[in-house]
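S.K.: Please read through the structure below; I'll follow up with questions.
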Amino acid sequence: MDTAAINDLNICVATENGSGSASSNNILFKAIFKMGIPCSSKNMFPSNIQGLPTWYQIRASAEGYLGRKDVIDVMVMFNDATAAKDIYRVRDGGLILYDDSTPLPAHLKRDGVQYIGVPANKLIAKLVPASPLRAKQRNMIYVGALADLFGIDMEVIKAVLEDTFGKKPAVIESNLLCIDAGYQYVKEKGFTQNIARLQTIPNGNKGKIITEGNTAAALGAIYGGASVICWYPITPSSSLAEAMEYYLPRLRKPKNDKRTYAIVQAEDEIASAGMVAGAGWAGARAMTSTSGPGVSLMNETIGLAYYAEIPCVFFIIQRGGPSTGLPTRTQQADISLMYGASHGDTRHILLIPHDMNSCFDFARRSFDFADRFQTPVFVAMDLDLGMNFWSSDPLKLEQAPYDYGKRLSPEQLEEWTKAGKKFRRYFDQDGDGIPYRTVPGNQHRMASYFTRGSGHDADARYSEDENDYKYILDRLKKKFETARKFVPKPIVEKERGVKTGIICYGSSYEAVREARDRLKARGLKTNHMLIRALPLTKEVRDFLAEHETIYFVEQNRDAQMAAIIKDESPELGAKIVSVLVYNGLPITPKAVVDQIFDAAQSAQLKTAQM
Amino acid sequence: MAEAKLNRINLTEKDYEGAASTMCRGCGHDAISASVMRAYFESSIDPRKVIKLSGIGCSSKTPAYFLSQSFGFNAVHGRMSAVATGANLANHTLMPIGVSGDGDTAAIGLGNFCHMMRRNVNITYIIENNGVYGLTKGQFSATADVGSVMKGGKVNDIPAIDMAELAITLGATYVARSFSGDRKQLTPLVQGALAHAGSAILDVISPCVTFNNHEGSTKSLKYAKGHLDPIHDIDFIPPYENIEADYDEGTDHAVELHDGSHIVLHKLSKDYDPTNKAQAISAIHAAIAEGKFLTGLIYYNPNRKEFAEELNLCDTPLSELTQDELQPSLEALERINAELMK
């Protein structure tokens with residue numbers, strides 16, 4: 001009996017990094033995508049260039065779930081170093097595809113799974129002359145084997161190769177040869193499996209794009225008018241700046257054959273933050289991208305930009321901390337670092353995207369927020385969002401004029417002068433905490449002022465006077481309260497009468513969406529709120545107030561976002577039960593469901609005991 | 001009352017002043033500020049086209065004490081080089097002047113300073129060098145000489161960083177040394193730096209009268225005055241003046257700057273070609289060996305593009321580009337979306 005699932009399949013490919021598996025995995029993933037099947041991929045790679053273990057999960061989901069799944073149906077066991085563990089990563093009833101050029105050692109055998117051997121080394125030796133390329137193309141063999149086993153048409157694979165290597169027919173030819181060898185071998189041997197079938201869904205992914213959050217954010221920054229980009233290489237943020245290097249020359253029109261942007265690889269993060277502060281002060285839309293260690297180094301300058309009220313944007317792609325931590329793994333553990341970056345009383349605006357379109361949109365709008373509030377703005381992403389491929393609706397541009405906030409032109413200053421109004425750089429003219437600003441180059445006689453990170457009064461004069469000092473600190477707080485009304489509101493999905501709520505943010509969204517369906521199937525209905533910014537808006541308090549229990553999902557150990565809520569609304573904080581996933585791997589729905597059931601059960605137990 | 005003298009843009013010297021200084025009485029830094037103001041006045045530079053930058057320390061306070069009509073930015077300790085680089089990229093039509101100290105530049109900010117010069121960012125960068133941390137009350141800096149004595153008697157035994165040599169090595173294109181008290185030499189050197197497009201570094205010995213002016217200090221007023229080793233006498237000739245009046249073919253060396261002005265170097269004892277890098281470095285070493293401060297225009301390289309030009313930035317400042325110029329079209333995004341569908 002054919003019990004195979006249709007278009008529901010979770011493949012894990014275990015290889016060595018630097019062995020060319022990135023290409024073969026990419027081809028496999030894109031082939032499934034091209035068949036119209038909802039799918040996602042998660043790359044769990046080492047901080048290394050060659051020779052360390054790496055895993056790549058490809059998930060096809062008929063129901064359209066794109067989060068990482070922990071139950072693995074198929075293990076492509078192509079890395080001897082991890083094979084002993086990899087055989088137990090696959091579920092009972094699953095399949096292990098391995099290279100049987102040499103016999104499988106006894107310790108790599110286990111019960112309850114199907115083994116299929118393909119002599120990849122032997123096949124490749126016949127097809128590719130001895131060269132470094134041979135080792136890389138060996139991975140193409142499993143692409144072909146899986147294609148035959150699960151029903152990926154070779155025509156689709158050919159089309160993906162053409163999309164990928166369009167201008168290099170020789171590369172297409174040689175890869176195809178190897179893939180086909182794997183395909184034919186499995187076919188000739190008559191190997192089959194009964195786990196899943198992949199079936200083309202006509203127009204299934206029509207109109208969908210595949211991209212990474214770093215690319216989407218880079219494009220958003222370009223559309224948002226970023227003109228001074230200073231960065232220092234650090235995983236997982238480098239690809240954001242590199243995407244800008246790639247797209248800026250293609251997208252930004254030159255002016256008289258000259259560039260309308262400056263992109264600078266700085267000597268360290270302290271310098272990139274300094275350059276961004278200088279450029280923001282001088283009126284450009286300035287940004288940097290970095291990760292946790294970079295934020296640590298930038299702290300002093302972030303405080304300067306906060307206190308001297310300089311617009312600038314920081315794209316933070318979070319990774320596993322503390323210290324060097326897990327540089328190639330994902331986490332949301334820099335929320336408190338960003339929110340309170342630098343010494344003294346500081347608070348910062350965070351925009352927290354959760355999918356490709358919000359990466360694009362928030363990146364674009366971050367410059368408006370920075371200019372409007374004259375302050376550092378963080379676009380808080382993470383490695384899962386930034387560096388994994390996500391299938392998404394096309395990037396959508398909301399057409400709106402740039403908001404430069406209260407930046408005065410020479411003409412406006414002239415009008416002010418005529419009306420007898422004085423320009424006071426740090427004075428709260430409008431009662432919203434946001435002062436007016438001029439930028440260097442404004443040659444009106446009233447325009448210039450002296451910017452400093454030391455104590456200053458409302459007229460930007462050096463001052464150590466206690467009242468002057470407190471005035472600025474209190475006004476900065478007022479400005480932050482104004483920002484609270486402007487930042488993106490949470491997205492709420494709720495039904496009347498449901499007493500349990502789940503809150504999450506960022507890359508947890510997809511796993512939580514699936515977890516809620518699973519909880520519902522098991523009898524627990526939940527409402528949901530996706531937080532999209534700090535400071536927290538009124539809607540967060542409302543949601544807490546409306547529910548009896550709140551499960552708060554975060555990818556860090558210390559419940560950093562929940563701590564902010566508990567700090568701001570202690571009376572509501574008691575309702576929060578934190579669901580914390582922080583092993584460095586992309587969050588799974590199972591982790592969320594398990595923790596929520598455990599917590600619900602122990603709560604029931606407590607009630608029963610009382 | 002006599003009319004105040006006007007320069008070519010009809011400004012008086014008063015128009016180049018700033019807030020009242022809060023330096024100690026007799027501080028070398030105030031003398032440098034005076035030369036800076038004089039240089040801007042003499043060169044008829046519009047203060048509204050100048051941006052003033054600094055880090056943290058006594059010297060870094062001084063930009064508030066000159067050119068009050070210019071925008072100023074007193075940033076964080078050691079980071080002025082980076083902040084100035086960013087400001088220059090945002091608006092390369094403005095003329096940046098950076099004022100820093102030996103603590104700010106030679107210690108905490110050394111890395112950023114080196115890379116600013118490596119990029120040849122357009123800036124007039126004055127290091128007010130007194131060998132000591134003033135604002136934190138008298139600790140040795142990285143430019144303190146071996147054997148120099150601290151006020152409390154402690155002797156420095158770690159070699160000094162020579163900022164002029166470092167600047168030449170790392171790619172600065174105009175490198176000079178002077179003394180705060182030598183207004184006649186310092187003013188034309190600042191004028192030359194302002195006319196130069198690229199990193200112009202002026203290492204100016206500026207005695208700290210409070211913490212480093214005692215017997216045994218090699219940066220005291222008395223010691224500095226007694227150990228100056230000028231390479232040449234200097235005149236600055238603006239582009240609109242005829243150079244020949246001040247130029248003697250036999251003994252003078254003229255250096256043409258980017259804006260068409262000239263620095264004329266009047267030979268003192270020996271021939272010196274400031275465009276010769278190896279000679280410049282060996283002259284610095286020779287002076288150090290004799291315990292002297294080599295002063296004058298030590299090195300000049302007219303052949304390197306400044307950073308903004310190297311990046312081929314458009315003539316309009318990036319800070320003034322409009323949304324039409326910055327935001328790509330909707331059609332362009334649709335093309336990218338189509339590429340991402342593959």
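The way I read the labels, and the way they are meant: chains A, B, ... in the order of the structure tokens, residue 1 as the first residue of every chain, and ligand 1 as the first ligand shown, with later ones counted on from there.
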Counting only C-alpha atoms, collect the residues of chain A whose closest atom lies at most 6 Å from chain B, and write them out as a PyMOL selection string.

M.R.: chain A and resi 163+209-210+223+225+251+255+258-260+271+274-276+278-279+282-284+394+440+443+448-453

S.K.: Produce a file of the selected residues containing N, CA and C atoms, as a PDB file, in the first residue's frame.

M.R.:
```
ATOM      1  N   ASP A 163      19.083  28.441 -14.650  1.00  0.00           N
ATOM      2  CA  ASP A 163      18.875  29.681 -13.892  1.00  0.00           C
ATOM      3  C   ASP A 163      20.133  30.047 -13.105  1.00  0.00           C
ATOM      4  N   ILE A 209       9.066  34.718  -4.621  1.00  0.00           N
ATOM      5  CA  ILE A 209      10.507  34.879  -4.780  1.00  0.00           C
ATOM      6  C   ILE A 209      11.222  34.059  -3.708  1.00  0.00           C
ATOM      7  N   ILE A 210      12.493  33.790  -3.955  1.00  0.00           N
ATOM      8  CA  ILE A 210      13.334  33.215  -2.898  1.00  0.00           C
ATOM      9  C   ILE A 210      14.409  34.231  -2.595  1.00  0.00           C
ATOM     10  N   TYR A 223      16.412  51.526  -1.207  1.00  0.00           N
ATOM     11  CA  TYR A 223      15.180  52.275  -1.504  1.00  0.00           C
ATOM     12  C   TYR A 223      14.915  53.351  -0.453  1.00  0.00           C
ATOM     13  N   GLY A 225      17.126  55.211   0.759  1.00  0.00           N
ATOM     14  CA  GLY A 225      17.995  56.371   0.529  1.00  0.00           C
ATOM     15  C   GLY A 225      19.324  56.335   1.253  1.00  0.00           C
ATOM     16  N   LEU A 251      21.390  49.761  -9.110  1.00  0.00           N
ATOM     17  CA  LEU A 251      20.116  50.440  -8.844  1.00  0.00           C
ATOM     18  C   LEU A 251      20.221  51.955  -8.731  1.00  0.00           C
ATOM     19  N   LYS A 255      25.255  60.323 -10.974  1.00  0.00           N
ATOM     20  CA  LYS A 255      24.989  61.719 -11.293  1.00  0.00           C
ATOM     21  C   LYS A 255      26.217  62.237 -12.028  1.00  0.00           C
ATOM     22  N   LYS A 258      29.072  60.043 -11.784  1.00  0.00           N
ATOM     23  CA  LYS A 258      29.703  59.856 -10.474  1.00  0.00           C
ATOM     24  C   LYS A 258      28.722  59.221  -9.503  1.00  0.00           C
ATOM     25  N   ARG A 259      29.271  58.626  -8.470  1.00  0.00           N
ATOM     26  CA  ARG A 259      28.445  57.840  -7.552  1.00  0.00           C
ATOM     27  C   ARG A 259      27.594  58.698  -6.610  1.00  0.00           C
ATOM     28  N   THR A 260      26.423  58.182  -6.324  1.00  0.00           N
ATOM     29  CA  THR A 260      25.531  58.880  -5.393  1.00  0.00           C
ATOM     30  C   THR A 260      25.470  58.137  -4.052  1.00  0.00           C
ATOM     31  N   ALA A 271      35.119  52.249  14.237  1.00  0.00           N
ATOM     32  CA  ALA A 271      35.244  53.209  13.143  1.00  0.00           C
ATOM     33  C   ALA A 271      33.961  53.272  12.317  1.00  0.00           C
ATOM     34  N   GLY A 274      31.605  55.339  14.138  1.00  0.00           N
ATOM     35  CA  GLY A 274      32.050  56.736  14.121  1.00  0.00           C
ATOM     36  C   GLY A 274      31.742  57.400  12.787  1.00  0.00           C
ATOM     37  N   MET A 275      32.024  56.682  11.722  1.00  0.00           N
ATOM     38  CA  MET A 275      31.751  57.237  10.385  1.00  0.00           C
ATOM     39  C   MET A 275      30.257  57.490  10.196  1.00  0.00           C
ATOM     40  N   VAL A 276      29.462  56.548  10.662  1.00  0.00           N
ATOM     41  CA  VAL A 276      28.018  56.678  10.522  1.00  0.00           C
ATOM     42  C   VAL A 276      27.513  57.865  11.351  1.00  0.00           C
ATOM     43  N   GLY A 278      29.277  60.525  12.083  1.00  0.00           N
ATOM     44  CA  GLY A 278      29.738  61.726  11.382  1.00  0.00           C
ATOM     45  C   GLY A 278      28.872  62.032  10.170  1.00  0.00           C
ATOM     46  N   ALA A 279      28.530  60.983   9.432  1.00  0.00           N
ATOM     47  CA  ALA A 279      27.736  61.167   8.217  1.00  0.00           C
ATOM     48  C   ALA A 279      26.297  61.557   8.560  1.00  0.00           C
ATOM     49  N   ALA A 282      26.226  65.105   9.500  1.00  0.00           N
ATOM     50  CA  ALA A 282      26.379  65.976   8.340  1.00  0.00           C
ATOM     51  C   ALA A 282      25.218  65.832   7.358  1.00  0.00           C
ATOM     52  N   GLY A 283      24.191  65.061   7.719  1.00  0.00           N
ATOM     53  CA  GLY A 283      22.949  65.102   6.946  1.00  0.00           C
ATOM     54  C   GLY A 283      22.703  63.975   5.964  1.00  0.00           C
ATOM     55  N   ALA A 284      23.619  62.994   5.898  1.00  0.00           N
ATOM     56  CA  ALA A 284      23.381  61.879   4.969  1.00  0.00           C
ATOM     57  C   ALA A 284      22.536  60.810   5.662  1.00  0.00           C
ATOM     58  N   PRO A 394       6.598  38.730  -3.546  1.00  0.00           N
ATOM     59  CA  PRO A 394       7.586  39.691  -4.058  1.00  0.00           C
ATOM     60  C   PRO A 394       7.721  40.884  -3.115  1.00  0.00           C
ATOM     61  N   PRO A 440      25.304  70.634   8.629  1.00  0.00           N
ATOM     62  CA  PRO A 440      26.419  71.365   8.025  1.00  0.00           C
ATOM     63  C   PRO A 440      26.185  71.543   6.531  1.00  0.00           C
ATOM     64  N   GLN A 443      23.920  77.283   5.081  1.00  0.00           N
ATOM     65  CA  GLN A 443      24.747  78.481   5.276  1.00  0.00           C
ATOM     66  C   GLN A 443      23.974  79.668   5.838  1.00  0.00           C
ATOM     67  N   SER A 448      24.367  77.332  12.249  1.00  0.00           N
ATOM     68  CA  SER A 448      25.432  76.526  12.858  1.00  0.00           C
ATOM     69  C   SER A 448      25.260  76.390  14.371  1.00  0.00           C
ATOM     70  N   TYR A 449      25.735  75.303  14.876  1.00  0.00           N
ATOM     71  CA  TYR A 449      25.726  75.066  16.314  1.00  0.00           C
ATOM     72  C   TYR A 449      26.853  74.086  16.612  1.00  0.00           C
ATOM     73  N   PHE A 450      27.130  73.895  17.877  1.00  0.00           N
ATOM     74  CA  PHE A 450      28.225  73.018  18.260  1.00  0.00           C
ATOM     75  C   PHE A 450      27.647  71.739  18.878  1.00  0.00           C
ATOM     76  N   THR A 451      27.962  70.615  18.253  1.00  0.00           N
ATOM     77  CA  THR A 451      27.466  69.316  18.709  1.00  0.00           C
ATOM     78  C   THR A 451      28.485  68.702  19.661  1.00  0.00           C
ATOM     79  N   ARG A 452      28.020  68.157  20.736  1.00  0.00           N
ATOM     80  CA  ARG A 452      28.970  67.517  21.659  1.00  0.00           C
ATOM     81  C   ARG A 452      28.289  66.416  22.454  1.00  0.00           C
ATOM     82  N   GLY A 453      29.116  65.464  22.848  1.00  0.00           N
ATOM     83  CA  GLY A 453      28.611  64.381  23.682  1.00  0.00           C
ATOM     84  C   GLY A 453      28.720  64.716  25.157  1.00  0.00           C
TER      85      GLY A 453
END
```

S.K.: Quick one: residues within 9 Å of segment 130-138 of chain B, only C-alpha atoms counted, chain neighbours fewer than 3 positions away excluded, as a PyMOL selection string?

M.R.: chain B and resi 28+56-59+101-103+141-145+150-151+160+204-208+210-212+217-220

S.K.: Could you please determine the separation between atom CA of Pro159 of chain B and atom CA of Ala107 of chain B in Å, to one decimal place?

M.R.: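 Atom-to-atom, atom CA of Pro159 of chain B to atom CA of Ala107 of chain B, that is 13.0 Å.
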
S.K.: Using only C-alpha atoms, determine which residues lie at most 6 Å from segment 139-150 of chain A, disregarding the query and same-chain residues fewer than 4 positions distant; provide the list as a list in words.

M.R.: Ser21, Ser24, Ala120, Cys178, Ile179, Asp180, Gly182, Tyr183, Val186, Thr192, Arg197 and Leu198 of chain A

S.K.: Write the residues you've just listed into a file as a compact mmCIF listing (two decimals), in the first residue's frame, and include C-alpha atoms for each of them.

M.R.:
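Result file selection_13.txt:
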```
# COMPACT_ATOMS: atom_id res chain seq x y z
CA SER A 21 27.45 21.04 -0.93
CA SER A 24 24.05 20.92 -4.64
CA ALA A 120 29.09 8.37 -5.21
CA CYS A 178 26.89 13.95 -12.22
CA ILE A 179 23.28 14.49 -11.14
CA ASP A 180 22.11 12.22 -13.91
CA GLY A 182 22.98 9.45 -9.35
CA TYR A 183 19.52 9.50 -10.88
CA VAL A 186 18.93 4.57 -8.36
CA THR A 192 12.20 2.91 -3.99
CA ARG A 197 6.29 11.76 -3.12
CA LEU A 198 6.98 15.19 -4.50
```

S.K.: Could you please write out, as an MDAnalysis selection string, every residue of segment 77-258 of chain B that DSSP assigns to strand (DSSP E)?

M.R.: chainID B and resid 95:101 123:129 132:133 139:140 174:179 199:205 228:230 232:237 252:256

S.K.: Using DSSP assignments from the backbone, pull out every residue in segment 147-237 of chain B that falls under helix (DSSP H, G or I) and give it to me as a PyMOL selection string.

M.R.: chain B and resi 163-170+183-195+221-226

S.K.: Restricted to C-alpha atoms, what would the selected residues look like written as a tab-separated table (two decimals), in the first residue's frame?

M.R.:
```tsv
chain	number	residue	atom	x	y	z
B	163	MET	CA	53.40	61.41	14.75
B	164	ALA	CA	55.00	63.03	11.71
B	165	GLU	CA	56.89	59.88	10.80
B	166	LEU	CA	53.80	57.77	11.34
B	167	ALA	CA	51.77	60.10	9.13
B	168	ILE	CA	54.29	59.92	6.30
B	169	THR	CA	54.46	56.14	6.52
B	170	LEU	CA	50.70	55.65	6.54
B	183	ARG	CA	52.99	81.83	14.84
B	184	LYS	CA	55.10	82.96	11.91
B	185	GLN	CA	55.76	79.35	10.90
B	186	LEU	CA	52.49	77.79	12.02
B	187	THR	CA	50.10	80.15	10.23
B	188	PRO	CA	51.39	79.52	6.69
B	189	LEU	CA	51.57	75.78	7.46
B	190	VAL	CA	47.88	75.81	8.44
B	191	GLN	CA	47.06	77.85	5.34
B	192	GLY	CA	48.88	75.29	3.24
B	193	ALA	CA	47.01	72.46	4.94
B	194	LEU	CA	43.69	74.17	4.26
B	195	ALA	CA	44.59	74.53	0.58
B	221	LEU	CA	57.98	75.59	26.88
B	222	LYS	CA	61.65	76.17	27.65
B	223	TYR	CA	62.80	72.81	26.33
B	224	ALA	CA	60.74	73.05	23.14
B	225	LYS	CA	61.93	76.56	22.37
B	226	GLY	CA	65.51	75.52	22.83
```

S.K.: Neighbouring residues of segment 321-332 of chain A were defined as those with any atom within 10 Å, considering only C-alpha atoms; residues of the same chain fewer than 2 positions away were excluded. Please report them as a ChimeraX atom specification.

M.R.: /A:43-48,234-236,291-293,296,317-319,334-336,380-387,505-508,554-557,559-561,581-587

S.K.: In terms of the shortest atom-to-atom distance over only C-alpha atoms, which of A:Asp70, A:Glu16, A:Asp8, A:Asp558 is closest to Cys39 of chain A?

M.R.: A:Asp8

S.K.: My list of candidates is A:Ala217, A:Leu544, A:Ala159, A:Leu605. Which is closest to Met35 of chain A when distances are computed with only C-alpha atoms?

M.R.: A:Ala159

S.K.: Using only C-alpha atoms, determine which residues lie at most 8 Å from Arg484 of chain A, disregarding the query and same-chain residues fewer than 3 positions distant; provide the list as a ChimeraX atom specification.

M.R.: /A:480-481,487,534-537

S.K.: I need the chosen residues saved as a short mmCIF file (atom, residue, chain, number, x, y, z; two decimals), in the first residue's frame, with C-alpha atoms.

M.R.:
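Written file, out-v4.cif:
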```cif
data_model
loop_
_atom_site.label_atom_id
_atom_site.label_comp_id
_atom_site.auth_asym_id
_atom_site.auth_seq_id
_atom_site.Cartn_x
_atom_site.Cartn_y
_atom_site.Cartn_z
CA PHE A 480 11.06 58.28 23.20
CA GLU A 481 7.46 58.37 24.42
CA VAL A 487 6.72 52.68 15.64
CA LEU A 534 10.53 48.71 20.62
CA PRO A 535 9.46 50.79 22.44
CA LEU A 536 6.43 48.61 23.13
CA THR A 537 3.19 50.12 21.98
#
```
